[in-house]
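A.B. asks: This is run-v1.cif (mmCIF, C-alpha atoms and all ligand atoms).
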```cif
data_work
#
loop_
_atom_site.label_atom_id
_atom_site.label_comp_id
_atom_site.auth_asym_id
_atom_site.auth_seq_id
_atom_site.Cartn_x
_atom_site.Cartn_y
_atom_site.Cartn_z
CA MET A 1 15.84 -23.43 23.45
CA THR A 2 13.72 -26.48 22.91
CA PHE A 3 10.01 -27.08 22.64
CA PRO A 4 7.94 -27.70 24.74
CA ARG A 5 9.81 -25.78 27.45
CA THR A 6 10.34 -22.89 25.09
CA ARG A 7 7.20 -21.47 23.51
CA LEU A 8 7.81 -18.16 21.71
CA ARG A 9 4.08 -17.61 21.42
CA ARG A 10 3.75 -17.00 25.20
CA LEU A 11 4.84 -13.36 24.93
CA ARG A 12 2.54 -12.75 21.97
CA SER A 13 -0.68 -13.73 23.65
CA THR A 14 -2.07 -10.28 24.55
CA PRO A 15 -1.68 -6.74 23.20
CA ALA A 16 -0.16 -5.61 26.52
CA LEU A 17 2.50 -8.35 26.49
CA ARG A 18 3.33 -7.59 22.88
CA ARG A 19 3.64 -3.92 23.73
CA MET A 20 6.06 -4.71 26.59
CA VAL A 21 8.49 -6.74 24.51
CA ARG A 22 8.28 -4.68 21.32
CA GLU A 23 11.84 -3.89 20.18
CA THR A 24 11.18 -1.07 17.72
CA ARG A 25 9.01 1.91 18.55
CA LEU A 26 7.93 4.60 16.17
CA SER A 27 8.05 8.22 17.21
CA ALA A 28 7.29 11.46 15.41
CA ASP A 29 10.65 12.69 16.80
CA ARG A 30 12.46 10.70 14.14
CA LEU A 31 10.46 11.81 11.10
CA ILE A 32 11.41 14.33 8.44
CA ARG A 33 8.73 15.65 6.05
CA PRO A 34 9.77 16.43 2.45
CA LEU A 35 8.07 19.50 0.91
CA PHE A 36 8.11 21.01 -2.57
CA VAL A 37 8.13 24.78 -2.99
CA ARG A 38 7.49 26.91 -6.08
CA SER A 39 6.87 30.59 -6.76
CA GLY A 40 3.49 32.31 -6.48
CA ARG A 41 0.94 32.92 -3.73
CA GLY A 42 -1.78 30.67 -2.41
CA VAL A 43 -0.52 27.77 -4.56
CA ARG A 44 -1.35 24.21 -3.53
CA ARG A 45 -0.85 22.19 -6.69
CA PRO A 46 -1.45 18.44 -6.38
CA ILE A 47 1.29 16.10 -7.64
CA GLY A 48 -0.41 13.47 -9.81
CA SER A 49 2.03 10.64 -9.20
CA MET A 50 2.10 11.23 -5.42
CA PRO A 51 -1.44 11.40 -4.06
CA GLY A 52 -1.61 13.60 -0.96
CA GLN A 53 1.53 15.57 -1.92
CA PHE A 54 1.59 19.11 -3.34
CA GLN A 55 3.79 21.86 -4.70
CA PHE A 56 3.28 24.81 -2.34
CA SER A 57 4.02 28.49 -2.74
CA VAL A 58 6.10 30.04 0.05
CA ASP A 59 3.12 31.45 2.00
CA VAL A 60 1.24 28.13 2.03
CA LEU A 61 4.45 26.25 2.79
CA ALA A 62 4.98 28.31 5.94
CA GLU A 63 1.54 27.23 7.15
CA GLU A 64 2.34 23.61 6.29
CA CYS A 65 5.51 23.92 8.36
CA ALA A 66 3.46 25.13 11.30
CA ALA A 67 1.09 22.15 10.94
CA THR A 68 4.11 19.83 10.73
CA ALA A 69 5.60 21.12 13.98
CA GLU A 70 2.15 20.99 15.58
CA LEU A 71 2.13 17.21 15.05
CA GLY A 72 5.50 16.84 16.77
CA ILE A 73 7.56 16.34 13.60
CA PRO A 74 10.90 18.12 14.19
CA ALA A 75 12.09 18.70 10.62
CA VAL A 76 11.21 19.36 6.99
CA LEU A 77 13.32 18.78 3.86
CA LEU A 78 12.78 21.40 1.14
CA PHE A 79 12.96 20.97 -2.63
CA GLY A 80 12.58 23.95 -4.97
CA ILE A 81 11.01 24.32 -8.38
CA PRO A 82 12.49 27.50 -9.92
CA GLU A 83 10.74 29.71 -12.46
CA CYS A 84 13.50 29.34 -15.05
CA LYS A 85 16.05 26.63 -15.68
CA ASP A 86 19.35 27.07 -17.51
CA ALA A 87 22.45 25.09 -18.42
CA THR A 88 24.26 25.69 -15.12
CA GLY A 89 21.23 25.77 -12.83
CA SER A 90 22.02 29.31 -11.74
CA ALA A 91 18.62 29.79 -10.05
CA ALA A 92 19.86 27.33 -7.42
CA TRP A 93 21.97 29.93 -5.64
CA ALA A 94 19.69 32.95 -6.21
CA ASP A 95 19.11 34.55 -2.82
CA ASP A 96 15.47 35.19 -3.74
CA GLY A 97 14.88 31.65 -5.07
CA PRO A 98 11.89 29.62 -3.83
CA VAL A 99 13.95 27.55 -1.37
CA GLN A 100 15.77 30.55 0.07
CA GLU A 101 12.46 32.42 0.50
CA ALA A 102 10.81 29.33 1.94
CA VAL A 103 13.59 28.90 4.49
CA ARG A 104 13.13 32.49 5.66
CA ALA A 105 9.36 32.14 5.82
CA ALA A 106 9.50 28.79 7.63
CA LYS A 107 12.07 29.95 10.17
CA SER A 108 10.17 33.12 10.96
CA ARG A 109 6.81 31.28 11.23
CA VAL A 110 8.17 28.27 13.21
CA PRO A 111 11.64 29.10 14.61
CA ASP A 112 12.09 25.73 16.32
CA LEU A 113 11.40 23.65 13.22
CA VAL A 114 14.59 22.19 11.74
CA VAL A 115 14.68 23.28 8.11
CA ILE A 116 16.81 21.05 5.88
CA THR A 117 17.41 21.92 2.22
CA ASP A 118 18.18 19.55 -0.63
CA VAL A 119 21.32 20.66 -2.46
CA CYS A 120 21.38 19.46 -6.07
CA LEU A 121 21.23 21.02 -9.51
CA CYS A 122 18.71 18.72 -11.24
CA GLU A 123 15.66 20.86 -10.45
CA TYR A 124 17.50 23.92 -11.79
CA THR A 125 19.26 22.73 -14.94
CA ASP A 126 17.49 22.70 -18.32
CA HIS A 127 18.98 19.25 -19.04
CA GLY A 128 17.79 17.84 -15.71
CA HIS A 129 21.12 16.37 -14.60
CA CYS A 130 22.44 16.77 -11.07
CA GLY A 131 25.68 18.39 -12.25
CA LEU A 132 27.22 20.50 -14.97
CA VAL A 133 27.05 18.88 -18.42
CA VAL A 134 29.98 19.31 -20.80
CA GLU A 135 30.41 18.13 -24.37
CA ARG A 136 33.02 15.43 -24.94
CA PRO A 137 34.00 13.58 -28.13
CA GLY A 138 31.89 10.59 -27.10
CA GLY A 139 28.88 12.77 -26.17
CA PRO A 140 27.81 14.87 -23.18
CA VAL A 141 29.06 13.94 -19.70
CA VAL A 142 28.47 15.28 -16.19
CA ASP A 143 31.65 17.07 -15.12
CA ASN A 144 32.29 16.10 -11.51
CA ASP A 145 34.86 18.68 -10.43
CA ALA A 146 33.26 21.67 -12.15
CA THR A 147 29.99 20.85 -10.38
CA LEU A 148 31.49 21.05 -6.89
CA GLU A 149 31.79 24.82 -6.84
CA LEU A 150 28.16 25.27 -7.95
CA LEU A 151 26.88 22.94 -5.24
CA ALA A 152 28.98 24.77 -2.68
CA ARG A 153 27.50 28.10 -3.79
CA MET A 154 23.98 26.66 -3.50
CA ALA A 155 24.62 25.27 -0.02
CA VAL A 156 26.05 28.57 1.23
CA SER A 157 23.05 30.43 -0.19
CA HIS A 158 20.66 28.08 1.68
CA ALA A 159 22.59 28.34 4.92
CA ARG A 160 22.75 32.13 4.66
CA ALA A 161 18.97 32.18 4.25
CA GLY A 162 18.79 30.31 7.55
CA ALA A 163 18.75 26.60 6.66
CA ASP A 164 19.57 24.52 9.74
CA ILE A 165 21.05 21.62 7.76
CA VAL A 166 22.06 21.27 4.10
CA ALA A 167 21.64 17.95 2.30
CA PRO A 168 23.68 17.38 -0.88
CA SER A 169 21.93 14.74 -3.03
CA ASP A 170 23.89 14.94 -6.28
CA MET A 171 26.37 12.06 -5.75
CA MET A 172 29.40 13.86 -7.23
CA ASP A 173 32.69 12.69 -5.71
CA GLY A 174 34.06 15.17 -3.21
CA ARG A 175 30.94 17.27 -2.82
CA VAL A 176 30.62 16.90 0.94
CA GLY A 177 34.16 18.22 1.37
CA ALA A 178 33.53 21.06 -1.07
CA VAL A 179 30.32 22.07 0.70
CA ARG A 180 31.99 21.83 4.12
CA GLU A 181 34.89 23.99 3.03
CA ALA A 182 32.60 26.64 1.49
CA LEU A 183 30.34 26.76 4.55
CA ASP A 184 33.34 27.15 6.84
CA ALA A 185 34.83 29.88 4.65
CA ALA A 186 31.49 31.74 4.78
CA GLY A 187 31.46 31.66 8.58
CA LEU A 188 28.90 28.85 8.67
CA SER A 189 30.98 26.21 10.39
CA ALA A 190 28.06 25.36 12.71
CA THR A 191 25.76 24.29 9.85
CA PRO A 192 25.58 20.47 9.69
CA ILE A 193 25.60 18.41 6.49
CA MET A 194 23.22 15.51 5.96
CA ALA A 195 24.83 13.66 3.06
CA TYR A 196 22.84 11.48 0.67
CA ALA A 197 25.74 9.09 1.11
CA ALA A 198 24.53 5.82 -0.35
CA LYS A 199 22.09 6.89 -3.03
CA LEU A 200 21.28 4.16 -5.51
CA ALA A 201 20.33 4.82 -9.13
CA SER A 202 16.79 3.74 -8.39
CA SER A 203 13.76 3.66 -10.66
CA TYR A 204 11.69 4.40 -7.55
CA TYR A 205 12.56 8.11 -7.85
CA GLY A 206 10.22 8.35 -10.87
CA PRO A 207 7.28 10.09 -9.16
CA PHE A 208 9.65 12.59 -7.51
CA ARG A 209 10.87 13.70 -10.91
CA GLU A 210 7.30 14.66 -11.81
CA ALA A 211 6.94 16.44 -8.45
CA ALA A 212 10.20 18.36 -8.85
CA GLU A 213 9.90 18.69 -12.65
CA SER A 214 13.41 17.31 -12.93
CA PRO A 215 13.65 14.23 -15.22
CA PRO A 216 16.95 14.14 -17.14
CA ARG A 217 16.41 15.18 -20.79
CA PHE A 218 18.95 12.62 -22.03
CA GLY A 219 20.62 9.57 -20.57
CA ASP A 220 20.14 8.62 -16.94
CA ARG A 221 21.80 9.15 -13.58
CA LYS A 222 23.79 5.90 -13.55
CA THR A 223 27.17 7.57 -14.02
CA TYR A 224 26.85 9.27 -10.65
CA GLN A 225 24.23 7.44 -8.57
CA MET A 226 25.22 3.97 -7.38
CA ASP A 227 24.45 0.63 -9.01
CA PRO A 228 21.64 -0.86 -6.88
CA ALA A 229 23.48 -4.19 -7.00
CA ASN A 230 26.34 -2.94 -4.80
CA GLY A 231 26.39 -3.12 -1.00
CA ASP A 232 30.15 -2.97 -0.31
CA GLU A 233 30.44 0.10 -2.48
CA ALA A 234 27.66 1.75 -0.47
CA LEU A 235 29.90 1.44 2.61
CA ARG A 236 32.77 3.07 0.71
CA GLU A 237 30.47 5.95 -0.31
CA VAL A 238 29.44 6.44 3.30
CA ALA A 239 33.05 6.27 4.53
CA ALA A 240 34.07 8.93 1.99
CA ASP A 241 31.30 11.28 3.08
CA ILE A 242 32.17 10.85 6.76
CA ASP A 243 35.83 11.63 5.98
CA GLU A 244 34.73 14.77 4.15
CA GLY A 245 32.71 16.00 7.10
CA ALA A 246 29.17 14.58 6.87
CA ASP A 247 27.28 14.88 10.16
CA ILE A 248 24.38 12.63 9.20
CA VAL A 249 24.57 9.95 6.51
CA MET A 250 21.60 8.90 4.45
CA VAL A 251 20.71 5.72 2.61
CA LYS A 252 18.05 5.53 -0.10
CA PRO A 253 15.66 4.16 -1.26
CA ALA A 254 14.88 2.98 2.26
CA ILE A 255 12.73 -0.11 1.75
CA HIS A 256 15.04 -1.42 -0.97
CA CYS A 257 18.17 -0.82 1.14
CA LEU A 258 17.33 -2.35 4.51
CA ASP A 259 20.52 -4.43 4.35
CA ILE A 260 22.63 -1.34 3.59
CA ILE A 261 21.02 0.63 6.43
CA ARG A 262 21.95 -2.14 8.85
CA ARG A 263 25.53 -2.38 7.58
CA VAL A 264 26.02 1.40 7.66
CA LYS A 265 24.69 1.70 11.21
CA ASP A 266 26.77 -1.24 12.47
CA ARG A 267 29.95 -0.17 10.72
CA PHE A 268 29.98 3.58 11.40
CA GLY A 269 27.62 4.22 14.31
CA MET A 270 26.73 7.56 12.73
CA PRO A 271 23.37 9.31 12.89
CA THR A 272 21.78 7.46 9.97
CA ALA A 273 18.83 8.63 7.92
CA ALA A 274 16.83 6.66 5.38
CA TYR A 275 14.62 8.07 2.63
CA HIS A 276 11.33 6.28 1.93
CA VAL A 277 11.24 7.58 -1.63
CA SER A 278 8.50 8.72 -3.95
CA GLY A 279 8.02 5.41 -5.79
CA GLU A 280 7.87 3.46 -2.54
CA TYR A 281 5.23 5.91 -1.31
CA ALA A 282 3.32 5.83 -4.60
CA MET A 283 3.11 2.03 -4.56
CA LEU A 284 1.50 2.02 -1.12
CA LYS A 285 -0.90 4.80 -2.13
CA ALA A 286 -1.89 3.04 -5.35
CA ALA A 287 -2.58 -0.27 -3.63
CA ALA A 288 -4.47 1.55 -0.88
CA VAL A 289 -6.84 3.46 -3.18
CA ASN A 290 -7.66 0.18 -4.89
CA GLY A 291 -8.50 -1.38 -1.54
CA TRP A 292 -5.79 -4.03 -1.98
CA ILE A 293 -3.94 -3.27 1.24
CA ASP A 294 -4.71 -1.60 4.55
CA GLU A 295 -2.85 1.68 4.11
CA ARG A 296 -2.39 2.52 7.76
CA SER A 297 -0.96 -0.79 8.87
CA CYS A 298 1.20 -1.16 5.75
CA ALA A 299 2.68 2.34 6.10
CA LEU A 300 3.35 1.78 9.80
CA GLU A 301 4.94 -1.58 9.02
CA ALA A 302 7.18 -0.03 6.34
CA ALA A 303 8.36 2.68 8.75
CA THR A 304 8.96 0.09 11.48
CA ALA A 305 11.09 -2.00 9.12
CA VAL A 306 13.37 0.94 8.37
CA PHE A 307 13.94 1.67 12.07
CA ARG A 308 14.40 -2.03 12.85
CA ALA A 309 17.11 -2.07 10.16
CA GLY A 310 18.98 0.57 12.16
CA ALA A 311 17.89 3.98 10.87
CA ASP A 312 17.71 6.86 13.34
CA LEU A 313 15.74 9.17 11.06
CA LEU A 314 13.14 8.53 8.38
CA ILE A 315 12.42 10.97 5.56
CA THR A 316 8.93 10.10 4.40
CA TYR A 317 5.95 11.53 2.51
CA TYR A 318 3.88 9.67 5.11
CA ALA A 319 5.29 11.85 7.92
CA MET A 320 2.03 13.69 8.65
CA GLU A 321 -0.13 10.58 8.52
CA LEU A 322 2.33 8.58 10.65
CA ALA A 323 2.43 11.35 13.25
CA ARG A 324 -1.38 11.46 13.35
CA TRP A 325 -1.67 7.69 13.66
CA LEU A 326 0.96 7.61 16.41
CA ARG A 327 -0.90 10.33 18.27
CA ALA A 328 -4.06 8.26 17.98
CA GLY A 329 -2.18 5.45 19.73
CA ASP A 330 -1.37 2.99 16.94
C1 LIG A 401 17.58 15.21 -6.38
C2 LIG A 401 16.82 14.22 -5.56
C3 LIG A 401 16.06 13.12 -5.99
C4 LIG A 401 15.49 12.57 -4.85
C5 LIG A 401 15.92 13.30 -3.77
N1 LIG A 401 16.75 14.31 -4.23
C6 LIG A 401 15.78 12.64 -7.36
C7 LIG A 401 16.85 12.02 -8.15
O1 LIG A 401 17.99 11.91 -7.73
O2 LIG A 401 16.54 11.65 -9.27
C8 LIG A 401 14.54 11.40 -4.83
C9 LIG A 401 13.46 11.49 -3.80
C10 LIG A 401 12.25 10.64 -4.05
O3 LIG A 401 12.14 9.88 -5.03
O4 LIG A 401 11.34 10.74 -3.23
N2 LIG A 401 18.83 14.75 -6.76
ZN ZN A 402 19.75 15.84 -8.45
#
```
In structure tokens, how does this file's structure come out?
Ligand code: PBG
Ligand code: ZN

C.D. replies:
Amino acid sequence: MTFPRTRLRRLRSTPALRRMVRETRLSADRLIRPLFVRSGRGVRRPIGSMPGQFQFSVDVLAEECAATAELGIPAVLLFGIPECKDATGSAAWADDGPVQEAVRAAKSRVPDLVVITDVCLCEYTDHGHCGLVVERPGGPVVDNDATLELLARMAVSHARAGADIVAPSDMMDGRVGAVREALDAAGLSATPIMAYAAKLASSYYGPFREAAESPPRFGDRKTYQMDPANGDEALREVAADIDEGADIVMVKPAIHCLDIIRRVKDRFGMPTAAYHVSGEYAMLKAAAVNGWIDERSCALEAATAVFRAGADLLITYYAMELARWLRAGD
């Protein structure tokens, strides 16, 4: 490979040549659109920290699901904002909760759309933690094992409502196994689990916590979400979830975990999802409204990077825009 015989620029000289040798191609088929659902009718409440994103009531959400499928996006990921929160997050497994109702509405409006539900207690607990909080001599802690049963109840409630896939995002040890066992016992052995397997304790989830009204009231999530400094441990987290029955493994935040995505895909060869999270989205939006970057090409480049790293699926608040841009031939 020596110059002047080798000239890497030759295959870059026209758009058609570049198109022919392009290694990574974006497709709406691989996108998942996150959506927030709350109670009420006709609600379309803008989320301040995430321009272009809204909290929808169930009726509006069903229409959004139809528009999503219309653009060729195969799946949505639902997050619920309940009317009341309590210490155990009991609204999470209420059969008439916003997520359960939204699943029914979405599946009846667009039967072919894959409806995935986020399984975690933080939107439902008054303290905002992802698990059950118990008092200990040194202060309150999140009780891992006591949380498992609650998550399992929530997952079964979602699957009974018709969810196609459940996605535990809490990061308790053993939750994938607990959810799998409960689904199987409820006759739902065909419902897949997409596990938030390597979920780092990232500050880039900030805008989401406004969207889902779920910031922790005390402390932080570092006792259960992973230290962002650790890559080897991310592989152990993924291995544990696969052992417990995960069907799809997820890595997040996507742009800050490109190395982990690559290692997970190479090591396990599993269907691998990556979550382009709220703060990563908000940064692009903020720079775009200021005219500092070209939003379209930057968002397309970000998505391309995640797929180049090895992801099969991308969960992104840009799903609708990406699908429109791809349709327009970008
Ligand atoms: C709930 C959950 C969070 C995200 C997905 N599920 C927030 C958190 O763990 O604090 C983050 C998504 C985003 O930032 O877009 N556990
Ligand atoms: Zn949570």

A.B. asks: Might you pull out every residue within 6 Å of range 121-129 of chain A, with all atoms listed in the file counted and same-chain residues fewer than 2 positions away left off, and present them as a PDB file with C-alpha atoms, in the coordinates of the input?

C.D. replies:
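Saved as around01.pdb:
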```pdb
ATOM      1  CA  LYS A  85      16.050  26.630 -15.680  1.00  0.00           C
ATOM      2  CA  ASP A  86      19.350  27.070 -17.510  1.00  0.00           C
ATOM      3  CA  ALA A  87      22.450  25.090 -18.420  1.00  0.00           C
ATOM      4  CA  THR A  88      24.260  25.690 -15.120  1.00  0.00           C
ATOM      5  CA  GLY A  89      21.230  25.770 -12.830  1.00  0.00           C
ATOM      6  CA  GLY A 131      25.680  18.390 -12.250  1.00  0.00           C
ATOM      7  CA  SER A 214      13.410  17.310 -12.930  1.00  0.00           C
ATOM      8  CA  PRO A 215      13.650  14.230 -15.220  1.00  0.00           C
ATOM      9  CA  PRO A 216      16.950  14.140 -17.140  1.00  0.00           C
ATOM     10  CA  ARG A 217      16.410  15.180 -20.790  1.00  0.00           C
TER      11      ARG A 217
END
```

A.B. asks: Have a look at A:Val115, A:Ala105, A:Ala212, A:Leu235 and name the one nearest to Asp266 in chain A; count only C-alpha atoms.

C.D. replies: A:Leu235

A.B. asks: Could you check how far CA of Leu148 in chain A sits from CA of Pro168 in chain A, in Å to one decimal?

C.D. replies: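 Computing it gives 10.5 Å between the two atoms.
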
A.B. asks: Env of range 237-244 of chain A: 6 Å cut, atoms = only C-alpha atoms, seq-sep filter 5 positions within chain, self excluded. Answer as a list in words.

C.D. replies: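 The neighbour list is Val176, Gly177, Ala197 and Ala198 of chain A.
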
A.B. asks: The selected residues should be written to file as a PDB file, in the coordinates of the input (atoms: C-alpha atoms).

C.D. replies:
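Output saved as out08.pdb:
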```pdb
ATOM      1  CA  VAL A 176      30.620  16.900   0.940  1.00  0.00           C
ATOM      2  CA  GLY A 177      34.160  18.220   1.370  1.00  0.00           C
ATOM      3  CA  ALA A 197      25.740   9.090   1.110  1.00  0.00           C
ATOM      4  CA  ALA A 198      24.530   5.820  -0.350  1.00  0.00           C
TER       5      ALA A 198
END
```

A.B. asks: Could you list, as number ranges by chain, all the residues within 7 Å of ligand LIG 401 (chain A), counting only C-alpha atoms and all ligand atoms?

C.D. replies: A: 118, 120, 122, 130, 169-170, 204-209, 276-279

A.B. asks: Could you give me, as an MDAnalysis selection string, the residues within 9 Å of range 159-163 of chain A, counting only C-alpha atoms and dropping anything in the same chain fewer than 2 positions from it?

C.D. replies: chainID A and resid 95 99:104 107 114:117 154:157 165:166 183 186 188 191

A.B. asks: Kindly indicate which residue among A:Arg30, A:Lys199, A:Arg12, A:Arg45 lies nearest to ligand ZN 402 (chain A), using only C-alpha atoms and all ligand atoms for the distances.

C.D. replies: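 Using only C-alpha atoms and all ligand atoms, the shortest distance to ligand ZN 402 (chain A) belongs to A:Lys199.
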
A.B. asks: Using all atoms listed in the file, which of the listed residues (A:Met250, A:Met171, A:Ala305, A:Ala286) sits closest to ligand ZN 402 (chain A)?

C.D. replies: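 The closest residue to ligand ZN 402 (chain A) is A:Met171.
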
A.B. asks: Considering all atoms listed in the file, can you say which of A:Ala182, A:Tyr275, A:Arg262, A:Pro137 comes closest to Leu150 in chain A?

C.D. replies: A:Ala182

A.B. asks: Taking into account all atoms listed in the file, which residue in the set A:Arg221, A:Arg5, A:Arg25, A:Lys252 is nearest to ligand ZN 402 (chain A)?

C.D. replies: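 The shortest atom-to-atom distance to ligand ZN 402 (chain A) comes from A:Arg221.
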
A.B. asks: CA of Asp247 in chain A and CA of Arg180 in chain A, how far apart in Å?

C.D. replies: 10.3 Å

A.B. asks: For Leu35 in chain A, find every residue with an atom within 9 Å (counting all atoms listed in the file), except residues of its own chain fewer than 3 positions away, and show them as a PyMOL selection string.

C.D. replies: chain A and resi 53-56+61+64+76-80+317

A.B. asks: A:Val141, A:Glu70, A:Val264, A:Thr24: which is nearest Ala303 in chain A, counting all atoms listed in the file?

C.D. replies: A:Thr24

A.B. asks: Mind giving me the straight-line distance from CA of Glu321 in chain A to CA of Glu295 in chain A in Å, one decimal?

C.D. replies: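 Answer for the CA of Glu321 in chain A to CA of Glu295 in chain A separation: 10.3 Å.
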
A.B. asks: Pick out the residues sitting within 9 Å of Cys65 in chain A, and hand them over as a list of chain:residue names; count all atoms listed in the file, and ignore anything fewer than 3 positions along from it in its own chain.

C.D. replies: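 Those residues are A:Val60, A:Leu61, A:Ala62, A:Thr68, A:Ala69, A:Glu70, A:Ala75, A:Val76, A:Ala106, A:Arg109, A:Val110, A:Leu113.
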